[in-house]
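In what follows, a single structure is set out as structure tokens and then discussed.
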Amino acid sequence: MEARAQELALYIIENKATVRAAASRFGISKSTVHKDLSERLPAINRRLYQQVKEVLNENKAERHIRGGIATRRKYKGE
């Protein structure tokens with residue numbers, strides 16, 4: 001589990017990926033990704049946790065924009 005938490009963090013940092021994208025890539029649930037990153041990673045590697053936290057906060061701030069884009073695509077048929 002420790003190795004998975006670190007792999008998830010590196011994937012998210014390198015690709016600016018969302019929790020959903022990381023879960024899909026690794027074949028695990030979003031809640032598992034969240035638990036690995038928010039509970040396990042700080043105990044394993046605090047520096048890596050800080051870096052992934054920045055990316056996740058950025059994704060959270062942009063979430064409403066992504067939702068609007070998805071809705072537009074849905075109704076325009078893209």
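In the structure tokens, each chain is lettered A, B, ... as it comes, each chain's residues begin at 1, and ligands are numbered from 1 in order of appearance.
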**Message:** So that I can see what lies close to range 13-22 of chain A, please list as a PyMOL selection string the residues with an atom at most 8 Å from it, counting only C-alpha atoms and leaving out residues fewer than 6 positions away in the same chain.
**Reply:** chain A and resi 30+33-34+51-52+55-56+59
Preceding selection exported with N, CA and C atoms as a PDB file, in the first residue's frame:
```
ATOM      1  N   LYS A  30     -11.974   5.741  -6.485  1.00  0.00           N
ATOM      2  CA  LYS A  30     -11.591   7.108  -6.125  1.00  0.00           C
ATOM      3  C   LYS A  30     -11.364   7.230  -4.622  1.00  0.00           C
ATOM      4  N   VAL A  33      -7.928   5.977  -3.764  1.00  0.00           N
ATOM      5  CA  VAL A  33      -6.922   6.980  -4.126  1.00  0.00           C
ATOM      6  C   VAL A  33      -6.889   8.078  -3.069  1.00  0.00           C
ATOM      7  N   HIS A  34      -8.063   8.571  -2.711  1.00  0.00           N
ATOM      8  CA  HIS A  34      -8.135   9.642  -1.726  1.00  0.00           C
ATOM      9  C   HIS A  34      -7.542   9.201  -0.382  1.00  0.00           C
ATOM     10  N   GLN A  51       3.468  18.130  -2.310  1.00  0.00           N
ATOM     11  CA  GLN A  51       3.433  18.373  -3.756  1.00  0.00           C
ATOM     12  C   GLN A  51       2.118  17.909  -4.367  1.00  0.00           C
ATOM     13  N   VAL A  52       1.653  16.728  -3.992  1.00  0.00           N
ATOM     14  CA  VAL A  52       0.413  16.212  -4.559  1.00  0.00           C
ATOM     15  C   VAL A  52      -0.771  17.024  -4.042  1.00  0.00           C
ATOM     16  N   VAL A  55      -1.371  20.003  -6.316  1.00  0.00           N
ATOM     17  CA  VAL A  55      -2.035  19.638  -7.569  1.00  0.00           C
ATOM     18  C   VAL A  55      -3.522  19.385  -7.321  1.00  0.00           C
ATOM     19  N   LEU A  56      -3.841  18.670  -6.245  1.00  0.00           N
ATOM     20  CA  LEU A  56      -5.236  18.373  -5.945  1.00  0.00           C
ATOM     21  C   LEU A  56      -6.019  19.639  -5.605  1.00  0.00           C
ATOM     22  N   ASN A  59      -6.751  21.307  -8.870  1.00  0.00           N
ATOM     23  CA  ASN A  59      -7.844  20.607  -9.551  1.00  0.00           C
ATOM     24  C   ASN A  59      -9.188  20.956  -8.926  1.00  0.00           C
TER      25      ASN A  59
END
```
**DSSP-assigned alpha helix (DSSP H) among chain A, expressed as a ChimeraX atom specification** = /A:2-15,19-26,30-35,41-44,46-76
